[in-house]
$ cat final-v4.pdb   # PDB, C-alpha atoms
ATOM      1  CA  MET A   1       4.498  -4.777   4.884  1.00  0.00           C
ATOM      2  CA  ILE A   2       3.898  -6.220   1.427  1.00  0.00           C
ATOM      3  CA  CYS A   3       0.871  -3.913   1.280  1.00  0.00           C
ATOM      4  CA  SER A   4       3.220  -0.937   1.605  1.00  0.00           C
ATOM      5  CA  LEU A   5       5.443  -2.178  -1.211  1.00  0.00           C
ATOM      6  CA  ILE A   6       2.472  -2.724  -3.512  1.00  0.00           C
ATOM      7  CA  THR A   7       0.405   0.383  -2.664  1.00  0.00           C
ATOM      8  CA  GLY A   8       3.127   2.878  -1.772  1.00  0.00           C
ATOM      9  CA  CYS A   9       1.108   3.909   1.289  1.00  0.00           C
ATOM     10  CA  ARG A  10       2.774   5.566   4.233  1.00  0.00           C
ATOM     11  CA  LYS A  11       3.221   3.440   7.371  1.00  0.00           C
ATOM     12  CA  ASN A  12       0.506   5.224   9.380  1.00  0.00           C
ATOM     13  CA  GLU A  13      -1.895   5.262   6.440  1.00  0.00           C
ATOM     14  CA  LEU A  14      -1.804   1.468   6.337  1.00  0.00           C
ATOM     15  CA  LEU A  15      -1.626   0.751  10.049  1.00  0.00           C
ATOM     16  CA  SER A  16      -4.666   2.923  10.847  1.00  0.00           C
ATOM     17  CA  LEU A  17      -6.885   1.356   8.147  1.00  0.00           C
ATOM     18  CA  LYS A  18     -10.253   0.126   9.375  1.00  0.00           C
ATOM     19  CA  TRP A  19     -12.373  -2.590   7.817  1.00  0.00           C
ATOM     20  CA  THR A  20     -14.976   0.088   7.062  1.00  0.00           C
ATOM     21  CA  ASP A  21     -12.358   1.827   4.877  1.00  0.00           C
ATOM     22  CA  VAL A  22     -12.222  -1.170   2.532  1.00  0.00           C
ATOM     23  CA  ASP A  23     -14.838  -1.794  -0.125  1.00  0.00           C
ATOM     24  CA  PHE A  24     -14.331  -5.357  -1.338  1.00  0.00           C
ATOM     25  CA  ARG A  25     -17.152  -5.012  -3.863  1.00  0.00           C
ATOM     26  CA  TRP A  26     -15.537  -2.075  -5.673  1.00  0.00           C
ATOM     27  CA  LYS A  27     -11.996  -3.162  -4.742  1.00  0.00           C
ATOM     28  CA  THR A  28     -10.973   0.128  -3.165  1.00  0.00           C
ATOM     29  CA  ALA A  29      -9.679   1.411   0.157  1.00  0.00           C
ATOM     30  CA  LYS A  30     -10.096   4.876   1.661  1.00  0.00           C
ATOM     31  CA  VAL A  31      -6.728   5.971   3.037  1.00  0.00           C
ATOM     32  CA  ARG A  32      -6.422   8.779   5.570  1.00  0.00           C
ATOM     33  CA  ASP A  33      -3.831  10.872   3.793  1.00  0.00           C
ATOM     34  CA  LYS A  34      -1.347  12.998   5.740  1.00  0.00           C
ATOM     35  CA  ILE A  35      -1.517  15.621   2.985  1.00  0.00           C
ATOM     36  CA  GLU A  36      -5.139  15.670   1.805  1.00  0.00           C
ATOM     37  CA  ASP A  37      -7.659  16.127   4.635  1.00  0.00           C
ATOM     38  CA  GLU A  38     -10.344  14.149   2.827  1.00  0.00           C
ATOM     39  CA  GLY A  39      -7.939  11.270   2.224  1.00  0.00           C
ATOM     40  CA  ARG A  40      -7.708   9.381  -1.018  1.00  0.00           C
ATOM     41  CA  LEU A  41      -9.189   6.309  -2.589  1.00  0.00           C
ATOM     42  CA  ILE A  42      -6.757   3.633  -3.743  1.00  0.00           C
ATOM     43  CA  PRO A  43      -7.422   0.458  -5.732  1.00  0.00           C
ATOM     44  CA  LEU A  44      -7.114  -2.993  -4.201  1.00  0.00           C
ATOM     45  CA  THR A  45      -5.111  -5.437  -6.265  1.00  0.00           C
ATOM     46  CA  ALA A  46      -5.866  -9.147  -6.357  1.00  0.00           C
ATOM     47  CA  TYR A  47      -3.024 -10.209  -4.055  1.00  0.00           C
ATOM     48  CA  VAL A  48      -3.559  -7.405  -1.526  1.00  0.00           C
ATOM     49  CA  GLU A  49      -7.274  -8.184  -1.505  1.00  0.00           C
ATOM     50  CA  SER A  50      -6.534 -11.854  -0.806  1.00  0.00           C
ATOM     51  CA  LEU A  51      -4.240 -10.882   2.093  1.00  0.00           C
ATOM     52  CA  LEU A  52      -6.908  -8.608   3.575  1.00  0.00           C
ATOM     53  CA  LEU A  53      -9.620 -11.239   3.224  1.00  0.00           C
ATOM     54  CA  GLU A  54      -7.390 -13.734   5.027  1.00  0.00           C
ATOM     55  CA  LEU A  55      -6.781 -11.231   7.849  1.00  0.00           C
ATOM     56  CA  LYS A  56     -10.507 -10.506   8.061  1.00  0.00           C
ATOM     57  CA  LYS A  57     -11.300 -14.181   8.754  1.00  0.00           C
ATOM     58  CA  ASN A  58      -9.504 -13.973  12.096  1.00  0.00           C
ATOM     59  CA  SER A  59     -10.269 -10.381  13.056  1.00  0.00           C
ATOM     60  CA  ASP A  60     -12.665  -9.110  15.665  1.00  0.00           C
ATOM     61  CA  SER A  61     -11.213  -5.593  15.578  1.00  0.00           C
ATOM     62  CA  LYS A  62     -12.360  -2.555  13.639  1.00  0.00           C
ATOM     63  CA  PHE A  63      -8.728  -2.127  12.537  1.00  0.00           C
ATOM     64  CA  ILE A  64      -7.145  -4.250   9.835  1.00  0.00           C
ATOM     65  CA  PHE A  65      -3.747  -4.191  11.527  1.00  0.00           C
ATOM     66  CA  SER A  66      -5.027  -4.435  15.074  1.00  0.00           C
ATOM     67  CA  SER A  67      -3.072  -4.569  18.296  1.00  0.00           C
ATOM     68  CA  LYS A  68      -4.650  -5.515  21.589  1.00  0.00           C
ATOM     69  CA  GLY A  69      -1.716  -3.870  23.382  1.00  0.00           C
ATOM     70  CA  ALA A  70      -2.027  -0.483  21.677  1.00  0.00           C
ATOM     71  CA  GLU A  71      -4.283   2.112  23.265  1.00  0.00           C
ATOM     72  CA  CYS A  72      -5.490   3.261  19.843  1.00  0.00           C
ATOM     73  CA  GLY A  73      -6.376  -0.315  18.805  1.00  0.00           C
ATOM     74  CA  HIS A  74      -3.985  -0.683  15.878  1.00  0.00           C
ATOM     75  CA  ILE A  75      -0.294  -1.381  15.448  1.00  0.00           C
ATOM     76  CA  VAL A  76       1.656   1.822  15.968  1.00  0.00           C
ATOM     77  CA  ASN A  77       5.245   0.628  15.998  1.00  0.00           C
ATOM     78  CA  PRO A  78       5.995  -2.242  13.603  1.00  0.00           C
ATOM     79  CA  TYR A  79       9.753  -1.880  13.983  1.00  0.00           C
ATOM     80  CA  ASP A  80      10.394  -4.563  16.636  1.00  0.00           C
ATOM     81  CA  SER A  81       8.533  -7.255  14.700  1.00  0.00           C
ATOM     82  CA  LEU A  82      10.066  -6.129  11.424  1.00  0.00           C
ATOM     83  CA  GLU A  83      13.541  -6.198  12.955  1.00  0.00           C
ATOM     84  CA  LYS A  84      13.064  -9.814  14.093  1.00  0.00           C
ATOM     85  CA  ILE A  85      11.983 -10.841  10.607  1.00  0.00           C
ATOM     86  CA  CYS A  86      14.872  -8.968   8.996  1.00  0.00           C
ATOM     87  CA  LYS A  87      17.415 -10.611  11.302  1.00  0.00           C
ATOM     88  CA  LYS A  88      15.995 -14.038  10.532  1.00  0.00           C
ATOM     89  CA  LEU A  89      16.149 -13.376   6.768  1.00  0.00           C
ATOM     90  CA  ASN A  90      19.427 -11.448   6.997  1.00  0.00           C
ATOM     91  CA  ILE A  91      18.037  -8.397   5.190  1.00  0.00           C
ATOM     92  CA  GLU A  92      17.635  -4.700   5.965  1.00  0.00           C
ATOM     93  CA  LEU A  93      14.135  -3.305   5.605  1.00  0.00           C
ATOM     94  CA  THR A  94      12.114  -0.382   6.956  1.00  0.00           C
ATOM     95  CA  PRO A  95       8.530   0.727   6.325  1.00  0.00           C
ATOM     96  CA  TYR A  96       9.834   3.893   4.661  1.00  0.00           C
ATOM     97  CA  GLY A  97      12.264   1.837   2.592  1.00  0.00           C
ATOM     98  CA  LEU A  98       9.321  -0.155   1.246  1.00  0.00           C
ATOM     99  CA  ARG A  99       7.577   3.079   0.228  1.00  0.00           C
ATOM    100  CA  ARG A 100      10.724   4.265  -1.565  1.00  0.00           C
ATOM    101  CA  SER A 101      11.072   0.864  -3.218  1.00  0.00           C
ATOM    102  CA  TYR A 102       7.474   1.151  -4.468  1.00  0.00           C
ATOM    103  CA  LYS A 103       8.375   4.032  -6.742  1.00  0.00           C
ATOM    104  CA  THR A 104      11.767   2.658  -7.771  1.00  0.00           C
ATOM    105  CA  LEU A 105      10.406  -0.770  -8.668  1.00  0.00           C
ATOM    106  CA  ALA A 106       7.400   0.705 -10.449  1.00  0.00           C
ATOM    107  CA  ILE A 107       9.673   2.792 -12.662  1.00  0.00           C
ATOM    108  CA  TRP A 108      11.705  -0.343 -13.361  1.00  0.00           C
ATOM    109  CA  ALA A 109       8.453  -2.078 -14.323  1.00  0.00           C
ATOM    110  CA  LYS A 110       7.660   0.861 -16.671  1.00  0.00           C
ATOM    111  CA  ILE A 111       4.518   1.897 -14.779  1.00  0.00           C
ATOM    112  CA  ASN A 112       3.166   5.417 -15.353  1.00  0.00           C
ATOM    113  CA  GLU A 113       4.648   7.783 -12.740  1.00  0.00           C
ATOM    114  CA  GLY A 114       1.570  10.009 -12.576  1.00  0.00           C
ATOM    115  CA  SER A 115      -0.642   7.067 -11.665  1.00  0.00           C
ATOM    116  CA  LEU A 116       1.885   5.948  -9.066  1.00  0.00           C
ATOM    117  CA  ALA A 117       1.938   9.395  -7.493  1.00  0.00           C
ATOM    118  CA  GLN A 118      -1.860   9.551  -7.369  1.00  0.00           C
ATOM    119  CA  ILE A 119      -2.067   6.123  -5.705  1.00  0.00           C
ATOM    120  CA  SER A 120       0.711   6.767  -3.177  1.00  0.00           C
ATOM    121  CA  GLY A 121      -0.457  10.259  -2.266  1.00  0.00           C
ATOM    122  CA  HIS A 122       2.454  12.212  -3.698  1.00  0.00           C
ATOM    123  CA  LYS A 123       1.728  15.691  -4.925  1.00  0.00           C
ATOM    124  CA  PRO A 124       1.895  15.917  -8.726  1.00  0.00           C
ATOM    125  CA  SER A 125       5.030  17.717  -9.853  1.00  0.00           C
ATOM    126  CA  ALA A 126       4.167  18.988 -13.319  1.00  0.00           C
ATOM    127  CA  LEU A 127       1.580  21.662 -14.104  1.00  0.00           C
ATOM    128  CA  VAL A 128      -0.392  19.319 -16.353  1.00  0.00           C
ATOM    129  CA  GLU A 129      -0.456  16.617 -13.668  1.00  0.00           C
ATOM    130  CA  ARG A 130      -1.627  19.111 -11.029  1.00  0.00           C
ATOM    131  CA  HIS A 131      -4.410  20.723 -12.991  1.00  0.00           C
ATOM    132  CA  TYR A 132      -5.534  18.549 -15.872  1.00  0.00           C
ATOM    133  CA  ILE A 133      -4.972  14.855 -15.292  1.00  0.00           C
ATOM    134  CA  VAL A 134      -7.303  13.023 -12.939  1.00  0.00           C
ATOM    135  CA  ARG A 135      -7.189   9.295 -13.504  1.00  0.00           C
ATOM    136  CA  PRO A 136     -10.367   7.271 -12.929  1.00  0.00           C
ATOM    137  CA  MET A 137     -10.244   4.399 -10.436  1.00  0.00           C
ATOM    138  CA  ASP A 138     -10.472   1.798 -13.234  1.00  0.00           C
ATOM    139  CA  MET A 139      -7.276   3.155 -14.762  1.00  0.00           C
ATOM    140  CA  LEU A 140      -5.516   3.221 -11.388  1.00  0.00           C
ATOM    141  CA  GLN A 141      -6.715  -0.328 -10.681  1.00  0.00           C
ATOM    142  CA  GLU A 142      -5.291  -1.564 -13.976  1.00  0.00           C
ATOM    143  CA  THR A 143      -1.988   0.238 -13.407  1.00  0.00           C
ATOM    144  CA  LEU A 144      -1.543  -1.025  -9.860  1.00  0.00           C
ATOM    145  CA  GLN A 145      -2.498  -4.566 -10.885  1.00  0.00           C
ATOM    146  CA  GLU A 146       0.175  -4.504 -13.613  1.00  0.00           C
ATOM    147  CA  TYR A 147       2.700  -3.405 -10.997  1.00  0.00           C
ATOM    148  CA  GLU A 148       1.620  -6.078  -8.507  1.00  0.00           C
ATOM    149  CA  ASP A 149       1.783  -8.750 -11.223  1.00  0.00           C
ATOM    150  CA  TRP A 150       5.308  -7.605 -12.082  1.00  0.00           C
ATOM    151  CA  ILE A 151       6.385  -7.706  -8.401  1.00  0.00           C
ATOM    152  CA  LEU A 152       4.957 -11.202  -7.927  1.00  0.00           C
ATOM    153  CA  GLN A 153       6.644 -12.378 -11.136  1.00  0.00           C
ATOM    154  CA  GLN A 154       9.984 -11.086  -9.827  1.00  0.00           C
ATOM    155  CA  VAL A 155       9.421 -13.029  -6.604  1.00  0.00           C
ATOM    156  CA  ARG A 156       8.635 -16.191  -8.564  1.00  0.00           C
ATOM    157  CA  ASN A 157      11.739 -15.672 -10.712  1.00  0.00           C
ATOM    158  CA  GLY A 158      13.931 -14.835  -7.720  1.00  0.00           C
ATOM    159  CA  ILE A 159      15.159 -11.238  -7.825  1.00  0.00           C
ATOM    160  CA  ASN A 160      18.952 -10.983  -8.058  1.00  0.00           C
TER     161      ASN A 160
END

$ encode --input "final-v4.pdb" --output "structure tokens"
Amino acid sequence: MICSLITGCRKNELLSLKWTDVDFRWKTAKVRDKIEDEGRLIPLTAYVESLLLELKKNSDSKFIFSSKGAECGHIVNPYDSLEKICKKLNIELTPYGLRRSYKTLAIWAKINEGSLAQISGHKPSALVERHYIVRPMDMLQETLQEYEDWILQQVRNGIN
């Protein structure tokens, strides 16, 4: 779920990711977007990349978030597992809540909203954003890495 908080991806976009969607050399992932038929390319940050590489060591599935019990081959319903974790930690958390938190925390960290929207698959709201601004992957990578660094710093400091 940390991947959702850092990338702003929708639950199904993350859960249906395949290893072939990830390019570790160029540090990108191809996400099947619910809005854009062709999907979108998002940057991989250092921490997310390390999590994926760790998962890959023990995976024999084509899906990153695989499930032997699911007919489709990947986790479909993360709610039961998430609920157990939340009870143990005495917190309330949902996949959609993590996506909402992505934008809220990024604004708090003073990260460019247009870049955030492009990464998370939100439609641009302003005319200029819709028609004139297309950010290159290097710029998105830098922006998302700044955000991830800020999130990890908050964790180290202990968010109040």

$ atom_distance --input "final-v4.pdb" --atom1 "atom CA of Ser115 of chain A" --atom2 "atom CA of Leu140 of chain A"
6.2 Å

$ closest_residue --input "final-v4.pdb" --among "A:Phe65, A:Arg32, A:Met1, A:Ser59" --to "Ser120 of chain A" --atoms "all atoms listed in the file"
A:Arg32

$ resolve_selection --input "final-v4.pdb" --expression "the PyMOL selection byres ((chain A and resi 117) around 12)" --output "PDB file with C-alpha atoms, in the coordinates of the input"
ATOM      1  CA  THR A   7       0.405   0.383  -2.664  1.00  0.00           C
ATOM      2  CA  GLY A   8       3.127   2.878  -1.772  1.00  0.00           C
ATOM      3  CA  CYS A   9       1.108   3.909   1.289  1.00  0.00           C
ATOM      4  CA  ARG A  40      -7.708   9.381  -1.018  1.00  0.00           C
ATOM      5  CA  ILE A  42      -6.757   3.633  -3.743  1.00  0.00           C
ATOM      6  CA  ARG A  99       7.577   3.079   0.228  1.00  0.00           C
ATOM      7  CA  ARG A 100      10.724   4.265  -1.565  1.00  0.00           C
ATOM      8  CA  TYR A 102       7.474   1.151  -4.468  1.00  0.00           C
ATOM      9  CA  LYS A 103       8.375   4.032  -6.742  1.00  0.00           C
ATOM     10  CA  THR A 104      11.767   2.658  -7.771  1.00  0.00           C
ATOM     11  CA  ALA A 106       7.400   0.705 -10.449  1.00  0.00           C
ATOM     12  CA  ILE A 107       9.673   2.792 -12.662  1.00  0.00           C
ATOM     13  CA  ILE A 111       4.518   1.897 -14.779  1.00  0.00           C
ATOM     14  CA  ASN A 112       3.166   5.417 -15.353  1.00  0.00           C
ATOM     15  CA  GLU A 113       4.648   7.783 -12.740  1.00  0.00           C
ATOM     16  CA  GLY A 114       1.570  10.009 -12.576  1.00  0.00           C
ATOM     17  CA  SER A 115      -0.642   7.067 -11.665  1.00  0.00           C
ATOM     18  CA  LEU A 116       1.885   5.948  -9.066  1.00  0.00           C
ATOM     19  CA  GLN A 118      -1.860   9.551  -7.369  1.00  0.00           C
ATOM     20  CA  ILE A 119      -2.067   6.123  -5.705  1.00  0.00           C
ATOM     21  CA  SER A 120       0.711   6.767  -3.177  1.00  0.00           C
ATOM     22  CA  GLY A 121      -0.457  10.259  -2.266  1.00  0.00           C
ATOM     23  CA  HIS A 122       2.454  12.212  -3.698  1.00  0.00           C
ATOM     24  CA  LYS A 123       1.728  15.691  -4.925  1.00  0.00           C
ATOM     25  CA  PRO A 124       1.895  15.917  -8.726  1.00  0.00           C
ATOM     26  CA  SER A 125       5.030  17.717  -9.853  1.00  0.00           C
ATOM     27  CA  ALA A 126       4.167  18.988 -13.319  1.00  0.00           C
ATOM     28  CA  GLU A 129      -0.456  16.617 -13.668  1.00  0.00           C
ATOM     29  CA  ARG A 130      -1.627  19.111 -11.029  1.00  0.00           C
ATOM     30  CA  ILE A 133      -4.972  14.855 -15.292  1.00  0.00           C
ATOM     31  CA  VAL A 134      -7.303  13.023 -12.939  1.00  0.00           C
ATOM     32  CA  ARG A 135      -7.189   9.295 -13.504  1.00  0.00           C
ATOM     33  CA  LEU A 140      -5.516   3.221 -11.388  1.00  0.00           C
ATOM     34  CA  THR A 143      -1.988   0.238 -13.407  1.00  0.00           C
ATOM     35  CA  LEU A 144      -1.543  -1.025  -9.860  1.00  0.00           C
TER      36      LEU A 144
END

$ resolve_selection --input "final-v4.pdb" --expression "the PyMOL selection byres ((chain A and resi 62) around 8)" --output "compact mmCIF listing (two decimals) with C-alpha atoms, in the frame of the given file"
# COMPACT_ATOMS: atom_id res chain seq x y z
CA LYS A 18 -10.25 0.13 9.38
CA TRP A 19 -12.37 -2.59 7.82
CA THR A 20 -14.98 0.09 7.06
CA ASP A 60 -12.66 -9.11 15.66
CA SER A 61 -11.21 -5.59 15.58
CA PHE A 63 -8.73 -2.13 12.54
CA ILE A 64 -7.14 -4.25 9.84
CA SER A 66 -5.03 -4.43 15.07

$ atom_distance --input "final-v4.pdb" --atom1 "atom CA of Glu92 of chain A" --atom2 "atom CA of Asp80 of chain A"
12.9 Å

$ closest_residue --input "final-v4.pdb" --among "A:Glu71, A:Glu49, A:Glu83, A:Asp138" --to "Ile2 of chain A" --atoms "only C-alpha atoms"
A:Glu49

$ atom_distance --input "final-v4.pdb" --atom1 "atom CA of Gln153 of chain A" --atom2 "atom CA of Leu44 of chain A"
18.0 Å

$ closest_residue --input "final-v4.pdb" --among "A:Gly158, A:Lys30, A:Phe24, A:His74" --to "Leu53 of chain A" --atoms "all atoms listed in the file"
A:Phe24

$ closest_residue --input "final-v4.pdb" --among "A:Leu93, A:Cys86, A:Val48, A:Leu17" --to "Gly73 of chain A" --atoms "all atoms listed in the file"
A:Leu17

$ resolve_selection --input "final-v4.pdb" --expression "the PyMOL selection byres ((chain A and resi 15) around 7)" --output "PyMOL selection string"
chain A and resi 11-14+16-17+65+74-76

$ closest_residue --input "final-v4.pdb" --among "A:Ser67, A:Ser4, A:Gln141, A:Thr94" --to "Lys27 of chain A" --atoms "all atoms listed in the file"
A:Gln141

$ closest_residue --input "final-v4.pdb" --among "A:Pro136, A:Val22, A:Leu98, A:Pro78" --to "Lys56 of chain A" --atoms "all atoms listed in the file"
A:Val22
